[in-house]
Amino acid sequence: MTFEPLASDFYGYENLLTDTEREALARLRDYLATDVKPIVNEHWEKATFPHEIVKGLADCGVYSFAWEETKPFENSAVFRGFVALELARVDASVATLVGVQNGLAMGAISVTGSPEQRAEWLPRMARGEVVGAFGLTEPQSGSDSAQGLRTTATRDGDEWVLNGSKRWIGNATFSDITVIWAKDAADGQVKGFIVPTDTPGYTATKIEGKQSLRIVQNADITLEDVRVPESLRLQNANSFRDTAKVLRLTRAEVAWASVGNSVGAYEAALHYTKERVQFGKPIASHQLIQDLLVKSIGNITASLGMVVRVSQMLDEGTQRDEHSALAKAYTTARMRETVAWCREALGGNGIVLEYDVARHFADAEALYSYEGTREMNTLIVGRSITGLAAFV
């Protein structure tokens with residue numbers, strides 16, 4: 001399959017990919033264009049999820065199970081970043097599905113699970129046979145998850161009893177398992193558990209009324225005396241530091257998805273402005289429209305440079321928390337600017353789903369906030385450059 005470089009990759013960062021990686025990206029791009037893009041606006045408007053794409057994406061190989069920090073990935077981190085970009089370029093909700101399945105749920109099992117747990121769950125998840133969710137955020141605990149978790153885990157013989165609640169958990173209305181993070185009642189440390197969603201006492205209720213990432217099926221989760229065997233406790237998750245290992249690996253890919261969301265809006269705006277005729281000529285020929293487009297491609301290009309380097313550092317083993325935090329904070333802020341400029345370029349049509357920009361515009365707000373708000377990521381970077389913590 002022929003690989004066509006993105007016109008929005010102005011400096012040609014895709015040239016860093018190997019021939020094999022470009023071929024894989026071309027196959028994914030073809031699947032997304034043929035089977036996903038034609039249905040996303042309808043599902044976005046109805047806030048429904050196209051379940052058939054779970055297996056289709058698995059067939060494209062986007063769910064990897066080489067998630068051990070000490071083991072090289074099958075493909076480069078730059079390639080995985082371009083996969084996140086490609087998904088979000090079509091739809092940010094689809095990118096979120098993959099980010100939750102591959103990055104958070106599978107990442108948690110691979111990084112903090114035992115060899116037996118990895119062998120049992122990861123191959124089936126990679127094939128799309130088992131869908132996972134990641135239960136960290138709570139109604140009263142978001143940015144302060146390291147200290148503020150209220151969900152508890154109490155040891156009872158060979159079982160653990162979980163009680164508490166979670167909020168904003170993606171995939172959770174239809175997941176087969178959810179990785180639940182809870183505070184051990186005995187030692188106060190955060191531990192992780194693989195919880196089958198048919199376990200008695202586990203309830204997931206869809207969050208209604210969202211105006212961003214409407215395709216993502218976010219849920220409120222209630223845990224009432226949910227009993228989980230010791231065999232389903234993530235054996236290497238013994239404190240929030242272990243949880244943070246997973247988040248460190250996924251935060252940079254959220255930055256990539258933010259760039260992809262910007263690219264989707266930019267490409268839709270570029271297409272529209274070249275086709276839309278006013279005063280006898282395409283509006284793309286007007287200086288003010290070109291100014292909006294150039295500012296947009298400038299943001300995209302600068303953001304791409306940042307996320308490419310962060311992913312290279314991950315491959316090199318030199319990436320630290322502050323590196324991915326800066327990428328997430330910066331790219332999401334630039335994304336907000338870019339989607340607004342693209343919406344502006346379309347005038348009134350910029351708020352209509354038919355022209356695609358409106359969806360990217362709305363979805364930007366969720367990407368801006370999840371996996372660490374701009375403010376929290378700013379404080380992580382601030383602590384690094386000053387040596388002083390300003391979290392409280």
# chains A, B, ... in the order shown; residues from 1 in each chain; ligands from 1

$ residues_around --residues "Cys60 in chain A" --least-positions-apart "5" --cutoff "10 Å" --atoms "only C-alpha atoms" --output "number ranges by chain"
A: 24-25, 27-32, 55, 127

$ select_by_dssp --residues "range 11-213 of chain A" --states "helix (DSSP H, G or I)" --output "CSV table (one decimal) with N, CA and C atoms, in the first residue's frame"
chain,number,residue,atom,x,y,z
A,13,TYR,N,8.3,15.3,9.3
A,13,TYR,CA,8.7,14.4,10.4
A,13,TYR,C,8.4,12.9,10.1
A,14,GLU,N,7.4,12.6,9.3
A,14,GLU,CA,7.1,11.2,8.9
A,14,GLU,C,8.3,10.5,8.3
A,15,ASN,N,9.3,11.3,7.7
A,15,ASN,CA,10.4,10.7,7.1
A,15,ASN,C,11.3,10.0,8.2
A,16,LEU,N,11.1,10.2,9.5
A,16,LEU,CA,11.8,9.5,10.5
A,16,LEU,C,11.4,8.1,10.6
A,19,ASP,N,10.4,2.1,6.6
A,19,ASP,CA,9.5,1.7,5.6
A,19,ASP,C,8.4,0.8,6.1
A,20,THR,N,8.7,-0.1,7.0
A,20,THR,CA,7.7,-1.0,7.6
A,20,THR,C,6.7,-0.2,8.4
A,21,GLU,N,7.2,0.8,9.2
A,21,GLU,CA,6.2,1.7,9.9
A,21,GLU,C,5.3,2.5,9.0
A,22,ARG,N,5.9,3.0,7.9
A,22,ARG,CA,5.1,3.8,7.0
A,22,ARG,C,4.0,2.9,6.4
A,23,GLU,N,4.4,1.7,6.1
A,23,GLU,CA,3.4,0.7,5.5
A,23,GLU,C,2.2,0.5,6.5
A,24,ALA,N,2.6,0.3,7.8
A,24,ALA,CA,1.6,0.0,8.8
A,24,ALA,C,0.7,1.2,9.0
A,25,LEU,N,1.3,2.4,8.9
A,25,LEU,CA,0.5,3.6,9.1
A,25,LEU,C,-0.4,3.8,7.9
A,26,ALA,N,0.0,3.4,6.7
A,26,ALA,CA,-0.8,3.5,5.5
A,26,ALA,C,-2.0,2.6,5.6
A,27,ARG,N,-1.8,1.4,6.1
A,27,ARG,CA,-2.9,0.5,6.3
A,27,ARG,C,-3.9,1.0,7.3
A,28,LEU,N,-3.5,1.6,8.4
A,28,LEU,CA,-4.3,2.2,9.4
A,28,LEU,C,-5.1,3.4,8.8
A,29,ARG,N,-4.4,4.2,8.0
A,29,ARG,CA,-5.0,5.4,7.4
A,29,ARG,C,-6.2,4.9,6.5
A,30,ASP,N,-5.9,3.9,5.7
A,30,ASP,CA,-6.9,3.4,4.8
A,30,ASP,C,-8.1,2.9,5.5
A,31,TYR,N,-7.9,2.1,6.6
A,31,TYR,CA,-9.1,1.6,7.4
A,31,TYR,C,-9.9,2.8,8.0
A,32,LEU,N,-9.2,3.7,8.6
A,32,LEU,CA,-9.9,4.9,9.2
A,32,LEU,C,-10.7,5.7,8.1
A,33,ALA,N,-10.1,5.9,7.0
A,33,ALA,CA,-10.8,6.6,5.9
A,33,ALA,C,-12.0,5.9,5.4
A,34,THR,N,-11.9,4.5,5.3
A,34,THR,CA,-12.9,3.7,4.7
A,34,THR,C,-14.1,3.4,5.7
A,35,ASP,N,-13.7,3.0,6.9
A,35,ASP,CA,-14.6,2.4,7.8
A,35,ASP,C,-15.0,3.2,9.0
A,36,VAL,N,-14.2,4.2,9.3
A,36,VAL,CA,-14.4,5.0,10.5
A,36,VAL,C,-14.9,6.4,10.3
A,37,LYS,N,-14.2,7.1,9.5
A,37,LYS,CA,-14.5,8.5,9.2
A,37,LYS,C,-16.0,8.7,8.7
A,38,PRO,N,-16.5,7.8,7.9
A,38,PRO,CA,-17.9,8.1,7.4
A,38,PRO,C,-18.9,7.9,8.5
A,39,ILE,N,-18.6,7.4,9.6
A,39,ILE,CA,-19.7,7.1,10.6
A,39,ILE,C,-19.5,8.0,11.9
A,40,VAL,N,-18.4,8.7,12.0
A,40,VAL,CA,-18.1,9.3,13.3
A,40,VAL,C,-19.1,10.5,13.6
A,41,ASN,N,-19.5,11.3,12.6
A,41,ASN,CA,-20.3,12.4,12.9
A,41,ASN,C,-21.7,11.9,13.4
A,42,GLU,N,-22.2,10.9,12.8
A,42,GLU,CA,-23.5,10.3,13.3
A,42,GLU,C,-23.4,9.8,14.7
A,43,HIS,N,-22.3,9.1,15.0
A,43,HIS,CA,-22.2,8.6,16.4
A,43,HIS,C,-21.9,9.7,17.4
A,44,TRP,N,-21.1,10.7,16.9
A,44,TRP,CA,-20.9,11.9,17.8
A,44,TRP,C,-22.2,12.6,18.2
A,45,GLU,N,-23.0,12.8,17.2
A,45,GLU,CA,-24.3,13.5,17.4
A,45,GLU,C,-25.2,12.7,18.4
A,46,LYS,N,-25.2,11.4,18.2
A,46,LYS,CA,-26.0,10.5,19.0
A,46,LYS,C,-25.4,10.1,20.3
A,52,GLU,N,-18.1,-2.0,16.4
A,52,GLU,CA,-17.4,-2.8,15.4
A,52,GLU,C,-16.0,-2.4,15.1
A,53,ILE,N,-15.7,-1.2,15.5
A,53,ILE,CA,-14.3,-0.7,15.2
A,53,ILE,C,-13.3,-1.3,16.2
A,54,VAL,N,-13.7,-1.8,17.3
A,54,VAL,CA,-12.8,-2.4,18.3
A,54,VAL,C,-12.0,-3.5,17.6
A,55,LYS,N,-12.7,-4.4,16.9
A,55,LYS,CA,-12.0,-5.5,16.3
A,55,LYS,C,-11.2,-5.0,15.0
A,56,GLY,N,-11.8,-4.0,14.3
A,56,GLY,CA,-11.2,-3.5,13.1
A,56,GLY,C,-9.9,-2.8,13.4
A,57,LEU,N,-9.8,-2.1,14.6
A,57,LEU,CA,-8.6,-1.4,15.0
A,57,LEU,C,-7.5,-2.5,15.4
A,58,ALA,N,-8.0,-3.5,16.1
A,58,ALA,CA,-7.1,-4.6,16.5
A,58,ALA,C,-6.5,-5.2,15.2
A,59,ASP,N,-7.2,-5.4,14.2
A,59,ASP,CA,-6.7,-6.0,12.9
A,59,ASP,C,-5.6,-5.1,12.3
A,77,ALA,N,8.7,4.6,19.5
A,77,ALA,CA,7.7,5.5,20.2
A,77,ALA,C,7.2,6.6,19.2
A,78,VAL,N,8.1,7.0,18.3
A,78,VAL,CA,7.7,7.9,17.2
A,78,VAL,C,6.6,7.4,16.4
A,79,PHE,N,6.7,6.1,16.0
A,79,PHE,CA,5.7,5.4,15.2
A,79,PHE,C,4.4,5.4,16.0
A,80,ARG,N,4.4,5.0,17.3
A,80,ARG,CA,3.2,4.9,18.1
A,80,ARG,C,2.6,6.3,18.2
A,81,GLY,N,3.4,7.3,18.3
A,81,GLY,CA,2.9,8.7,18.3
A,81,GLY,C,2.1,9.0,17.1
A,82,PHE,N,2.7,8.6,15.9
A,82,PHE,CA,2.0,8.9,14.7
A,82,PHE,C,0.7,8.1,14.5
A,83,VAL,N,0.6,6.9,15.2
A,83,VAL,CA,-0.6,6.2,15.2
A,83,VAL,C,-1.6,7.0,16.0
A,84,ALA,N,-1.3,7.5,17.2
A,84,ALA,CA,-2.2,8.4,18.0
A,84,ALA,C,-2.6,9.6,17.2
A,85,LEU,N,-1.7,10.2,16.5
A,85,LEU,CA,-2.0,11.4,15.6
A,85,LEU,C,-3.0,11.0,14.5
A,86,GLU,N,-2.8,9.9,13.9
A,86,GLU,CA,-3.6,9.4,12.8
A,86,GLU,C,-5.1,9.2,13.3
A,87,LEU,N,-5.2,8.5,14.5
A,87,LEU,CA,-6.5,8.2,15.0
A,87,LEU,C,-7.2,9.5,15.3
A,88,ALA,N,-6.6,10.4,16.0
A,88,ALA,CA,-7.2,11.7,16.4
A,88,ALA,C,-7.5,12.6,15.2
A,89,ARG,N,-6.7,12.5,14.2
A,89,ARG,CA,-6.9,13.3,13.0
A,89,ARG,C,-8.3,12.9,12.4
A,90,VAL,N,-8.7,11.7,12.5
A,90,VAL,CA,-10.0,11.3,12.1
A,90,VAL,C,-11.1,11.6,13.2
A,92,ALA,N,-11.1,12.2,17.7
A,92,ALA,CA,-10.4,12.1,19.0
A,92,ALA,C,-11.0,11.1,19.9
A,93,SER,N,-12.2,10.8,19.8
A,93,SER,CA,-12.8,9.7,20.6
A,93,SER,C,-12.2,8.4,20.2
A,94,VAL,N,-12.0,8.1,19.0
A,94,VAL,CA,-11.4,6.9,18.5
A,94,VAL,C,-9.9,6.8,19.1
A,95,ALA,N,-9.2,7.9,19.1
A,95,ALA,CA,-7.9,7.9,19.7
A,95,ALA,C,-8.0,7.6,21.2
A,96,THR,N,-9.0,8.1,21.8
A,96,THR,CA,-9.2,7.9,23.3
A,96,THR,C,-9.5,6.4,23.6
A,97,LEU,N,-10.3,5.8,22.7
A,97,LEU,CA,-10.6,4.3,22.9
A,97,LEU,C,-9.2,3.6,22.9
A,98,VAL,N,-8.4,3.9,21.9
A,98,VAL,CA,-7.1,3.1,21.8
A,98,VAL,C,-6.2,3.5,23.0
A,99,GLY,N,-6.2,4.8,23.3
A,99,GLY,CA,-5.4,5.2,24.5
A,99,GLY,C,-5.7,4.5,25.8
A,100,VAL,N,-7.0,4.3,26.0
A,100,VAL,CA,-7.5,3.7,27.2
A,100,VAL,C,-7.1,2.2,27.1
A,101,GLN,N,-7.5,1.6,26.0
A,101,GLN,CA,-7.2,0.1,25.8
A,101,GLN,C,-5.8,-0.2,25.9
A,102,ASN,N,-5.0,0.4,25.0
A,102,ASN,CA,-3.6,0.1,24.8
A,102,ASN,C,-2.7,0.7,25.8
A,103,GLY,N,-2.9,2.0,26.0
A,103,GLY,CA,-2.0,2.7,26.9
A,103,GLY,C,-2.3,2.5,28.4
A,104,LEU,N,-3.5,2.7,28.8
A,104,LEU,CA,-3.8,2.7,30.2
A,104,LEU,C,-4.1,1.3,30.8
A,105,ALA,N,-5.1,0.6,30.2
A,105,ALA,CA,-5.5,-0.7,30.7
A,105,ALA,C,-4.4,-1.8,30.5
A,106,MET,N,-4.0,-1.9,29.2
A,106,MET,CA,-2.9,-2.9,28.9
A,106,MET,C,-1.6,-2.4,29.5
A,107,GLY,N,-1.4,-1.1,29.5
A,107,GLY,CA,-0.1,-0.6,30.1
A,107,GLY,C,0.0,-0.9,31.6
A,108,ALA,N,-1.2,-0.8,32.3
A,108,ALA,CA,-1.1,-1.1,33.7
A,108,ALA,C,-0.8,-2.5,34.0
A,109,ILE,N,-1.4,-3.4,33.2
A,109,ILE,CA,-1.2,-4.9,33.3
A,109,ILE,C,0.3,-5.2,33.0
A,110,SER,N,0.8,-4.6,31.9
A,110,SER,CA,2.1,-5.0,31.5
A,110,SER,C,3.2,-4.4,32.4
A,111,VAL,N,3.0,-3.2,32.9
A,111,VAL,CA,4.0,-2.5,33.7
A,111,VAL,C,4.0,-3.0,35.1
A,112,THR,N,2.8,-3.3,35.7
A,112,THR,CA,2.6,-3.6,37.1
A,112,THR,C,2.1,-5.0,37.3
A,115,PRO,N,4.0,-11.9,35.4
A,115,PRO,CA,4.1,-12.6,34.1
A,115,PRO,C,2.9,-13.4,33.8
A,116,GLU,N,2.3,-14.0,34.8
A,116,GLU,CA,1.1,-14.8,34.6
A,116,GLU,C,-0.1,-13.9,34.1
A,117,GLN,N,-0.2,-12.7,34.8
A,117,GLN,CA,-1.3,-11.8,34.4
A,117,GLN,C,-1.1,-11.2,33.0
A,118,ARG,N,0.1,-10.9,32.7
A,118,ARG,CA,0.4,-10.4,31.3
A,118,ARG,C,0.0,-11.5,30.3
A,119,ALA,N,0.4,-12.7,30.6
A,119,ALA,CA,0.1,-13.8,29.6
A,119,ALA,C,-1.4,-14.1,29.5
A,120,GLU,N,-2.1,-13.9,30.6
A,120,GLU,CA,-3.5,-14.2,30.5
A,120,GLU,C,-4.3,-13.1,29.8
A,121,TRP,N,-4.0,-11.9,30.0
A,121,TRP,CA,-4.9,-10.8,29.5
A,121,TRP,C,-4.4,-10.1,28.3
A,122,LEU,N,-3.1,-9.8,28.2
A,122,LEU,CA,-2.6,-9.0,27.1
A,122,LEU,C,-2.8,-9.5,25.7
A,123,PRO,N,-2.6,-10.8,25.4
A,123,PRO,CA,-2.8,-11.2,24.0
A,123,PRO,C,-4.3,-11.1,23.6
A,124,ARG,N,-5.2,-11.4,24.5
A,124,ARG,CA,-6.6,-11.2,24.2
A,124,ARG,C,-7.0,-9.8,24.0
A,125,MET,N,-6.4,-8.9,24.8
A,125,MET,CA,-6.7,-7.5,24.6
A,125,MET,C,-6.1,-6.9,23.3
A,126,ALA,N,-5.0,-7.5,23.0
A,126,ALA,CA,-4.3,-7.0,21.7
A,126,ALA,C,-5.2,-7.4,20.5
A,145,SER,N,-4.9,12.6,42.8
A,145,SER,CA,-5.0,11.1,42.9
A,145,SER,C,-3.9,10.5,43.7
A,146,ALA,N,-2.7,11.1,43.7
A,146,ALA,CA,-1.6,10.5,44.4
A,146,ALA,C,-1.9,10.4,45.9
A,147,GLN,N,-2.7,11.3,46.5
A,147,GLN,CA,-2.9,11.3,47.9
A,147,GLN,C,-4.4,11.2,48.2
A,148,GLY,N,-5.3,11.6,47.3
A,148,GLY,CA,-6.7,11.8,47.6
A,148,GLY,C,-7.6,10.7,47.3

$ closest_residue --among "A:Gly298, A:Pro50, A:Gly348, A:Gly135" --to "Lys166 in chain A" --atoms "only C-alpha atoms"
A:Gly135

$ closest_residue --among "A:Val246, A:Ala265, A:Ile283, A:Leu136" --to "Ile297 in chain A" --atoms "only C-alpha atoms"
A:Ala265

$ atom_distance --atom1 "CA of Leu293 in chain A" --atom2 "CA of Glu4 in chain A"
21.3 Å

$ select_by_dssp --residues "range 171-210 of chain A" --states "strand (DSSP E or B)" --output "list in words"
Ile177, Thr178, Val179, Ile180, Trp181, Ala182, Lys183, Asp184, Val190, Lys191, Gly192, Phe193, Ile194, Val195, Pro196, Tyr202, Thr203, Ala204, Thr205 and Lys206 of chain A

$ closest_residue --among "A:Phe193, A:Tyr202, A:Phe174, A:Tyr368" --to "Ala333 in chain A" --atoms "only C-alpha atoms"
A:Tyr368

$ residues_around --residues "range 378-384 of chain A" --least-positions-apart "3" --cutoff "7 Å" --atoms "only C-alpha atoms" --output "PDB file with C-alpha atoms, in the first residue's frame"
ATOM      1  CA  GLU A 322       8.598  16.693  33.174  1.00  0.00           C
ATOM      2  CA  ALA A 325       4.264  16.956  31.064  1.00  0.00           C
ATOM      3  CA  LEU A 326       5.613  19.895  29.061  1.00  0.00           C
ATOM      4  CA  ALA A 329       0.661  21.163  28.461  1.00  0.00           C
ATOM      5  CA  ARG A 374      -2.437  22.082  31.888  1.00  0.00           C
ATOM      6  CA  GLU A 375      -2.039  23.510  35.378  1.00  0.00           C
ATOM      7  CA  GLY A 387      13.732  22.613  42.237  1.00  0.00           C
ATOM      8  CA  LEU A 388      10.754  23.916  44.219  1.00  0.00           C
ATOM      9  CA  ALA A 389       7.346  22.251  44.452  1.00  0.00           C
ATOM     10  CA  ALA A 390       4.326  24.572  44.175  1.00  0.00           C
ATOM     11  CA  PHE A 391       1.503  22.025  44.240  1.00  0.00           C
TER      12      PHE A 391
END
